[in-house]
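Text of protein_10.tsv, listed as TSV, C-alpha atoms and all ligand atoms:
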chain	number	residue	atom	x	y	z
A	4	MET	CA	-15.91	4.15	-8.03
A	5	PHE	CA	-13.18	6.54	-9.05
A	6	THR	CA	-13.48	8.02	-12.51
A	7	LEU	CA	-11.51	10.36	-14.72
A	8	THR	CA	-14.11	13.01	-13.94
A	9	LYS	CA	-13.34	12.56	-10.27
A	10	SER	CA	-9.65	12.93	-11.02
A	11	PHE	CA	-10.33	16.39	-12.39
A	12	ALA	CA	-12.56	17.05	-9.41
A	13	LEU	CA	-9.66	16.10	-7.14
A	14	LEU	CA	-7.27	18.41	-8.97
A	15	ALA	CA	-9.82	21.18	-8.85
A	16	THR	CA	-10.31	20.58	-5.14
A	17	ILE	CA	-6.60	20.80	-4.51
A	18	LEU	CA	-6.30	24.00	-6.51
A	19	ILE	CA	-9.23	25.44	-4.55
A	20	HIS	CA	-7.59	24.32	-1.30
A	21	LEU	CA	-4.33	25.98	-2.26
A	22	HIS	CA	-6.18	29.11	-3.27
A	23	THR	CA	-8.45	29.30	-0.25
A	24	SER	CA	-5.76	28.42	2.25
A	25	ALA	CA	-3.73	31.35	0.94
A	26	ALA	CA	-6.70	33.72	0.87
A	27	ALA	CA	-8.75	32.54	3.84
A	28	PRO	CA	-6.97	30.07	6.10
A	29	THR	CA	-9.88	29.85	8.52
A	30	GLN	CA	-11.93	28.06	5.87
A	31	ALA	CA	-9.42	25.24	5.72
A	32	ARG	CA	-10.91	21.79	6.11
A	33	GLN	CA	-10.13	20.00	9.33
A	34	ALA	CA	-8.46	16.71	8.59
A	35	PRO	CA	-7.96	13.77	10.93
A	36	ARG	CA	-4.65	14.06	12.73
A	37	PRO	CA	-1.99	11.57	11.75
A	38	SER	CA	-0.95	9.24	14.53
A	39	SER	CA	2.05	10.63	16.34
A	40	PRO	CA	5.22	10.35	14.30
A	41	SER	CA	7.41	8.06	16.36
A	42	GLY	CA	10.80	9.10	15.25
A	43	SER	CA	11.19	7.60	11.79
A	44	GLY	CA	12.65	10.93	10.71
A	45	SER	CA	10.57	10.96	7.54
A	46	GLN	CA	9.94	14.39	6.11
A	47	PHE	CA	7.41	14.91	3.39
A	48	ALA	CA	7.01	18.65	3.44
A	49	ASN	CA	10.18	19.18	1.45
A	50	ALA	CA	9.77	16.16	-0.75
A	51	PRO	CA	9.49	16.51	-4.50
A	52	GLY	CA	6.30	15.05	-5.90
A	53	GLY	CA	2.94	15.67	-7.44
A	54	GLN	CA	-0.34	17.24	-6.45
A	55	ARG	CA	-0.69	15.62	-3.08
A	56	SER	CA	2.80	16.60	-2.00
A	57	ALA	CA	2.06	20.18	-2.97
A	58	GLY	CA	-1.19	20.07	-1.00
A	59	GLY	CA	0.57	18.65	2.05
A	60	ALA	CA	3.48	21.04	1.83
A	61	SER	CA	1.13	24.02	1.89
A	62	THR	CA	-0.18	23.01	5.29
A	63	ALA	CA	2.57	20.99	6.98
A	64	PRO	CA	3.16	20.36	9.78
A	65	THR	CA	-0.30	20.84	11.30
A	66	GLY	CA	-2.26	19.13	8.52
A	67	SER	CA	-5.19	21.49	8.80
A	68	SER	CA	-5.91	21.33	5.08
A	69	THR	CA	-5.23	18.29	2.98
A	70	PRO	CA	-6.21	16.83	-0.37
A	71	GLN	CA	-9.28	14.66	-0.51
A	72	ASP	CA	-9.03	10.91	-0.69
A	73	VAL	CA	-9.49	9.79	-4.28
A	74	THR	CA	-11.90	7.00	-3.56
A	75	THR	CA	-14.03	8.41	-0.76
A	76	GLY	CA	-13.87	12.13	-1.49
A	77	THR	CA	-13.34	12.81	2.21
A	78	ALA	CA	-10.54	14.98	3.54
A	79	CYS	CA	-7.65	12.94	4.79
A	80	ALA	CA	-4.13	13.29	6.06
A	81	VAL	CA	-2.39	10.76	3.83
A	82	SER	CA	0.09	13.16	2.23
A	83	THR	CA	1.31	14.41	5.60
A	84	ALA	CA	1.21	11.05	7.40
A	85	THR	CA	4.36	9.38	8.64
A	86	ILE	CA	5.37	6.00	7.31
A	87	ASP	CA	6.34	4.41	10.59
A	88	THR	CA	9.41	2.28	9.89
A	89	SER	CA	10.83	2.81	13.36
A	90	GLY	CA	12.71	-0.18	14.65
A	91	THR	CA	13.92	-0.95	11.12
A	92	THR	CA	16.65	0.31	8.82
A	93	LEU	CA	14.34	0.99	5.85
A	94	PRO	CA	15.17	4.31	4.18
A	95	ALA	CA	12.98	7.38	4.63
A	96	PRO	CA	10.76	8.23	1.66
A	97	SER	CA	11.72	10.85	-0.92
A	98	PHE	CA	8.09	11.52	-1.87
A	99	ALA	CA	4.90	12.21	0.03
A	100	PRO	CA	2.50	9.31	0.61
A	101	SER	CA	-0.33	9.17	-1.92
A	102	PHE	CA	-2.15	5.93	-1.07
A	103	ILE	CA	-2.28	3.48	1.82
A	104	GLY	CA	-3.59	0.07	0.85
A	105	LEU	CA	-4.40	-2.69	3.30
A	106	GLY	CA	-3.15	-5.74	1.40
A	107	VAL	CA	-4.95	-9.03	2.03
A	108	GLY	CA	-3.82	-12.07	0.10
A	109	THR	CA	-1.37	-14.94	-0.24
A	110	GLN	CA	2.36	-15.38	-0.57
A	111	ASN	CA	3.21	-18.25	-2.94
A	112	TYR	CA	6.07	-20.69	-2.47
A	113	THR	CA	7.62	-23.65	-4.18
A	114	CYS	CA	9.71	-26.32	-2.51
A	115	GLY	CA	13.28	-26.26	-3.78
A	116	SER	CA	15.73	-29.16	-4.08
A	117	ALA	CA	17.44	-28.03	-0.86
A	118	GLY	CA	14.23	-28.74	1.07
A	119	THR	CA	13.30	-25.15	1.74
A	120	TYR	CA	10.59	-22.98	0.28
A	121	THR	CA	11.39	-20.16	-2.11
A	122	SER	CA	9.04	-17.35	-3.06
A	123	THR	CA	7.19	-17.53	-6.37
A	124	GLY	CA	5.26	-14.31	-5.99
A	125	ALA	CA	2.09	-13.20	-4.30
A	126	LEU	CA	-1.43	-12.08	-4.97
A	127	ALA	CA	-3.34	-9.55	-2.86
A	128	GLU	CA	-6.28	-7.21	-2.96
A	129	LEU	CA	-5.51	-3.70	-1.75
A	130	PHE	CA	-8.23	-1.91	0.20
A	131	ASP	CA	-8.22	1.84	0.61
A	132	VAL	CA	-7.28	2.89	4.13
A	133	SER	CA	-5.68	6.19	3.07
A	134	CYS	CA	-8.15	8.24	5.07
A	135	LEU	CA	-8.11	6.04	8.16
A	136	VAL	CA	-4.51	6.97	9.00
A	137	GLY	CA	-5.53	9.43	11.70
A	138	GLN	CA	-8.03	7.10	13.37
A	139	SER	CA	-7.48	4.95	16.44
A	140	SER	CA	-8.27	1.72	14.58
A	141	PHE	CA	-5.51	2.33	12.03
A	142	SER	CA	-2.60	0.77	13.88
A	143	SER	CA	-4.38	-2.55	14.36
A	144	LEU	CA	-6.09	-2.90	10.96
A	145	GLN	CA	-3.50	-5.34	9.59
A	146	SER	CA	-3.94	-7.53	12.70
A	147	THR	CA	-7.72	-7.55	12.73
A	148	ALA	CA	-7.70	-8.14	8.97
A	149	PHE	CA	-5.23	-11.01	9.35
A	150	ALA	CA	-7.27	-12.64	12.11
A	151	ALA	CA	-10.38	-12.55	9.90
A	152	TRP	CA	-8.57	-13.73	6.74
A	153	ASN	CA	-6.56	-16.45	8.48
A	154	SER	CA	-9.65	-17.90	10.14
A	155	SER	CA	-11.71	-17.78	6.93
A	156	THR	CA	-12.26	-21.15	5.27
A	157	SER	CA	-11.81	-19.47	1.89
A	158	THR	CA	-8.34	-19.25	0.33
A	159	ALA	CA	-9.54	-17.26	-2.70
A	160	VAL	CA	-8.06	-13.76	-2.71
A	161	SER	CA	-11.21	-12.62	-4.54
A	162	SER	CA	-13.17	-13.35	-1.35
A	163	THR	CA	-11.19	-10.96	0.85
A	164	SER	CA	-13.55	-8.00	0.51
A	165	GLY	CA	-16.38	-10.14	1.87
A	166	VAL	CA	-14.13	-11.50	4.63
A	167	LEU	CA	-13.26	-7.99	5.84
A	168	SER	CA	-16.85	-6.74	5.77
A	169	SER	CA	-18.37	-9.83	7.45
A	170	ALA	CA	-15.80	-9.58	10.25
A	171	ASN	CA	-16.49	-5.84	10.43
A	172	VAL	CA	-12.79	-5.01	9.98
A	173	ILE	CA	-13.86	-2.41	7.40
A	174	SER	CA	-17.61	-2.14	6.99
A	175	SER	CA	-17.58	-1.26	3.28
A	176	PRO	CA	-14.13	-2.03	1.88
A	177	ILE	CA	-13.15	0.04	-1.15
A	178	THR	CA	-10.79	-1.81	-3.46
A	179	LEU	CA	-7.85	0.26	-4.69
A	180	GLY	CA	-6.57	-2.51	-6.93
A	181	GLN	CA	-4.43	-5.62	-6.98
A	182	HIS	CA	-0.85	-6.55	-6.17
A	183	TYR	CA	0.61	-9.42	-8.18
A	184	PHE	CA	3.74	-10.44	-10.07
A	185	ILE	CA	4.55	-10.29	-13.75
A	186	THR	CA	7.55	-11.28	-15.84
A	187	ASN	CA	10.11	-8.48	-15.51
A	188	PRO	CA	9.10	-6.26	-18.47
A	189	VAL	CA	12.60	-4.83	-18.92
A	190	THR	CA	14.74	-7.96	-18.88
A	191	GLY	CA	12.06	-10.46	-19.92
A	192	SER	CA	13.09	-12.86	-17.17
A	193	GLY	CA	12.35	-13.21	-13.49
A	194	LEU	CA	9.33	-11.85	-11.64
A	195	SER	CA	8.58	-8.22	-10.81
A	196	PRO	CA	5.98	-7.01	-8.34
A	197	LYS	CA	3.20	-4.85	-9.72
A	198	TRP	CA	0.51	-2.71	-8.09
A	199	ASP	CA	-2.37	-2.17	-10.45
A	200	PHE	CA	-5.27	0.21	-9.79
A	201	THR	CA	-6.51	0.22	-13.41
A	202	SER	CA	-9.45	-2.10	-12.74
A	203	ASN	CA	-10.75	-0.45	-9.58
A	204	ALA	CA	-9.95	2.90	-7.92
A	205	LEU	CA	-8.35	4.41	-11.03
A	206	ALA	CA	-10.27	2.59	-13.76
A	207	GLY	CA	-9.93	4.44	-17.04
A	208	ASN	CA	-6.36	5.56	-16.26
A	209	ALA	CA	-4.10	3.24	-18.25
A	210	ASP	CA	-0.98	4.40	-16.37
A	211	ALA	CA	-2.40	3.76	-12.90
A	212	PHE	CA	0.04	0.97	-12.13
A	213	VAL	CA	3.61	0.63	-10.99
A	214	VAL	CA	6.12	-2.16	-11.57
A	215	ALA	CA	8.84	-1.98	-8.96
A	216	ALA	CA	12.15	-3.40	-7.83
A	217	LYS	CA	13.15	-4.18	-4.27
A	218	VAL	CA	15.76	-1.82	-2.86
A	219	ASP	CA	15.80	-2.90	0.78
A	220	ASP	CA	14.27	-5.51	3.07
A	221	VAL	CA	14.36	-6.11	6.79
A	222	ALA	CA	12.96	-8.83	9.02
A	223	ALA	CA	9.54	-7.88	10.38
A	224	PRO	CA	10.04	-6.38	13.84
A	225	THR	CA	6.86	-8.20	14.91
A	226	GLY	CA	8.34	-11.69	14.62
A	227	SER	CA	9.46	-14.53	12.38
A	228	ALA	CA	5.93	-15.55	11.28
A	229	ASP	CA	5.53	-12.24	9.46
A	230	VAL	CA	7.00	-11.55	6.03
A	231	ASP	CA	9.78	-9.00	5.71
A	232	TRP	CA	9.18	-5.28	5.52
A	233	LEU	CA	10.26	-3.92	2.13
A	234	TYR	CA	11.19	-0.72	0.37
A	235	LEU	CA	10.82	-0.74	-3.43
A	236	THR	CA	11.08	1.88	-6.13
A	237	ASN	CA	9.54	2.13	-9.59
A	238	LEU	CA	11.46	0.00	-12.07
A	239	THR	CA	13.43	2.06	-14.58
A	240	GLY	CA	12.17	1.47	-18.10
A	241	THR	CA	8.54	0.84	-17.17
A	242	THR	CA	5.66	3.19	-17.91
A	243	GLY	CA	3.21	3.14	-14.99
A	244	THR	CA	3.03	6.34	-12.95
A	245	LEU	CA	1.06	5.14	-9.92
A	246	ALA	CA	3.96	5.57	-7.48
A	247	ASN	CA	7.66	6.30	-7.13
A	248	GLU	CA	8.16	4.26	-3.99
A	249	ILE	CA	6.33	1.40	-2.25
A	250	TYR	CA	6.69	0.35	1.36
A	251	ARG	CA	5.40	-3.00	2.60
A	252	ILE	CA	5.21	-2.66	6.37
A	253	ASP	CA	3.10	-3.89	9.30
A	254	THR	CA	3.10	-7.42	7.89
A	255	GLN	CA	1.16	-10.28	9.44
A	256	GLY	CA	1.73	-13.89	8.41
A	257	GLY	CA	2.92	-15.01	4.99
A	258	GLN	CA	6.02	-16.98	6.01
A	259	PRO	CA	6.35	-20.58	4.77
A	260	PRO	CA	7.21	-23.57	6.97
A	261	ALA	CA	10.96	-23.82	7.69
A	262	SER	CA	11.43	-26.94	5.59
A	263	CYS	CA	9.71	-29.04	2.95
A	264	THR	CA	10.12	-32.24	0.98
A	265	SER	CA	11.45	-31.56	-2.48
A	266	GLY	CA	8.89	-32.38	-5.14
A	267	THR	CA	5.84	-31.59	-3.02
A	268	ALA	CA	3.20	-29.19	-4.27
A	269	ASP	CA	3.46	-25.40	-4.24
A	270	ILE	CA	1.81	-23.69	-1.29
A	271	THR	CA	0.10	-20.37	-0.61
A	272	VAL	CA	0.34	-18.71	2.81
A	273	LYS	CA	-2.13	-16.05	3.87
A	274	TYR	CA	-0.83	-12.63	4.85
A	275	THR	CA	-1.80	-9.02	5.34
A	276	ALA	CA	0.35	-5.90	5.10
A	277	MET	CA	0.14	-2.16	4.81
A	278	TYR	CA	1.30	-0.91	1.43
A	279	TRP	CA	2.23	2.76	1.37
A	280	LEU	CA	2.62	4.24	-2.12
A	281	THR	CA	4.42	7.56	-2.45
A	282	GLY	CA	4.73	10.05	-5.27
A	283	GLY	CA	3.16	9.06	-8.56
A	284	SER	CA	0.82	11.22	-10.62
A	285	PHE	CA	-2.63	10.40	-9.22
B	1	LIG	C1	-0.22	-17.05	-6.29
B	1	LIG	O1	-1.28	-17.84	-5.85
B	1	LIG	C2	-2.56	-17.40	-6.25
B	1	LIG	C3	-3.58	-18.28	-5.61
B	1	LIG	O2	-3.70	-17.92	-4.28
B	1	LIG	C4	-2.66	-17.40	-7.76
B	1	LIG	O3	-3.91	-16.92	-8.17
B	1	LIG	C5	-1.56	-16.51	-8.30
B	1	LIG	O4	-1.59	-16.55	-9.70
B	1	LIG	C6	-0.23	-16.98	-7.79
B	1	LIG	N1	0.79	-16.05	-8.27
B	1	LIG	C7	1.97	-16.49	-8.69
B	1	LIG	C8	2.94	-15.44	-9.15
B	1	LIG	O5	2.26	-17.65	-8.70
B	2	LIG	C1	-3.77	-19.28	10.94
B	2	LIG	O1	-4.72	-20.35	10.86
B	2	LIG	C2	-4.15	-21.63	10.98
B	2	LIG	C3	-5.27	-22.63	10.81
B	2	LIG	O2	-5.81	-22.54	9.53
B	2	LIG	C4	-3.48	-21.80	12.31
B	2	LIG	O3	-2.85	-23.06	12.37
B	2	LIG	C5	-2.46	-20.72	12.50
B	2	LIG	O4	-1.91	-20.77	13.79
B	2	LIG	C6	-3.07	-19.35	12.28
B	2	LIG	N1	-2.02	-18.38	12.32
B	2	LIG	C7	-2.01	-17.38	13.19
B	2	LIG	C8	-0.80	-16.51	13.18
B	2	LIG	O5	-2.93	-17.16	13.94
B	3	LIG	C1	10.29	6.61	-11.53
B	3	LIG	O1	10.75	7.39	-10.43
B	3	LIG	C2	11.70	8.36	-10.78
B	3	LIG	C3	12.11	9.10	-9.52
B	3	LIG	O2	12.09	8.28	-8.41
B	3	LIG	C4	11.15	9.33	-11.79
B	3	LIG	O3	12.15	10.22	-12.21
B	3	LIG	C5	10.60	8.57	-12.99
B	3	LIG	O4	9.94	9.48	-13.83
B	3	LIG	C6	9.64	7.51	-12.53
B	3	LIG	N1	9.15	6.79	-13.69
B	3	LIG	C7	7.89	6.78	-13.99
B	3	LIG	C8	7.53	5.99	-15.20
B	3	LIG	O5	7.04	7.35	-13.32

Give the structure from this file in structure tokens form.
Amino acid sequence: MFTLTKSFALLATILIHLHTSAAAPTQARQAPRPSSPSGSGSQFANAPGGQRSAGGASTAPTGSSTPQDVTTGTACAVSTATIDTSGTTLPAPSFAPSFIGLGVGTQNYTCGSAGTYTSTGALAELFDVSCLVGQSSFSSLQSTAFAAWNSSTSTAVSSTSGVLSSANVISSPITLGQHYFITNPVTGSGLSPKWDFTSNALAGNADAFVVAAKVDDVAAPTGSADVDWLYLTNLTGTTGTLANEIYRIDTQGGQPPASCTSGTADITVKYTAMYWLTGGSF
């Protein structure tokens, strides 16, 4: 479990990396290679940002030395990885990636008077896949996770860690935190999405959350059963410093039936997605 002590260890590691890569490049740690950037045009090396951006920028574009993953302590390529939004019009990031969470959960809907479902939020567990980005399994994780979650008899989001490990999607899932909705803290009305790592990966860090606002959405390129891909940014006037931007991509499932009978009960629809968090101060 990530602790404040480990946060200092991470910072120290990065400083040592920066120091040693300047003084003795041959000692640089070999990180997994990011999967080939397929033309999204994203550039992180010049992005503003925190520690991880600085670590990535010192080694880009080869990624021969990268910061360690906060939860596993292993070297990983997250800060130099490409957020693959090809085939969509989502904007390129302005900050380097800092976390990749495999989200497994439910989208919630209520049946409106027009006989169609409208979104009432979502709840998901986010599992740390930040250091799997260079591995061959990475591109299919959301699909294998969805297959396991959708075929599980459980609908409880709290069961998703067990679902992933029993299906051997991830043998020992590490929980980054939760994604859920809260009342918009600035206006006091409407719902705002929140990503909250304060109870898991960044326990002890009261600011390890982000409340965001949607900037852009596009239909999932994978088909109409999958919820939209989104680009969100941290909501002005909120305090969490977990991320500056959030991408929801590689979605599987989550769409409601096309129509409903007004007055019927709310529904939850299972989904998975890759959440990429950029920037932030962790
Ligand atoms: C969404 O549904 C889950 C149950 O799957 C529930 O725990 C959660 O509170 C709901 N969230 C909202 C915003 O309704
Ligand atoms: C998810 O599971 C349900 C049965 O619970 C099934 O009807 C549906 O087709 C499955 N969805 C996908 C995309 O496999
Ligand atoms: C939100 O992001 C902007 C830049 O995108 C940054 O200037 C601001 O400090 C961030 N707010 C917080 C609370 O991190």

### Message
Given only C-alpha atoms and all ligand atoms as the basis, pick out the residue of A:Ala216, A:Ala222, A:Val107, A:Leu179 nearest to ligand LIG 1 (chain B).
### Response
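Closest residue, counting only C-alpha atoms and all ligand atoms: A:Val107.
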
### Message
Taking only C-alpha atoms and all ligand atoms and a cut-off of 12 Å, can you tell me which residues surround ligand LIG 1 (chain B), written as a PyMOL selection string?
### Response
chain A and resi 107-113+121-128+157-163+181-187+193-197+257+269-274

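Distances here use all atoms listed in the file; by that measure, the residue among A:Val213, A:Val81, A:Cys134, A:Leu129 closest to Asn237 of chain A is A:Val213.
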
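Taking all atoms listed in the file, the non-local environment of segment 174-177 of chain A within 9 Å (same-chain residues fewer than 2 positions away omitted) comprises A:Met4, A:Thr74, A:Thr75, A:Leu129, A:Phe130, A:Asp131, A:Val132, A:Ser164, A:Gly165, A:Leu167, A:Ser168, A:Ser169, A:Ala170, A:Asn171, A:Val172, A:Leu179, A:Asn203, A:Ala204.
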
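Using all atoms listed in the file, the shortest contact distance between Ser142 of chain A and any of A:Ser116, A:Thr254, A:Thr239, A:Ser284 is found at A:Thr254.
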
List all protein, DNA and RNA residues that have any atom at most 7 Å from ligand LIG 2 (chain B), counting only C-alpha atoms and all ligand atoms, and write the list as a PDB file with C-alpha atoms, keeping the file's coordinate frame.
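Written output follows (selection31.pdb):
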ATOM      1  CA  ALA A 150      -7.270 -12.640  12.110  1.00  0.00           C
ATOM      2  CA  ASN A 153      -6.560 -16.450   8.480  1.00  0.00           C
ATOM      3  CA  SER A 154      -9.650 -17.900  10.140  1.00  0.00           C
ATOM      4  CA  GLY A 256       1.730 -13.890   8.410  1.00  0.00           C
TER       5      GLY A 256
END
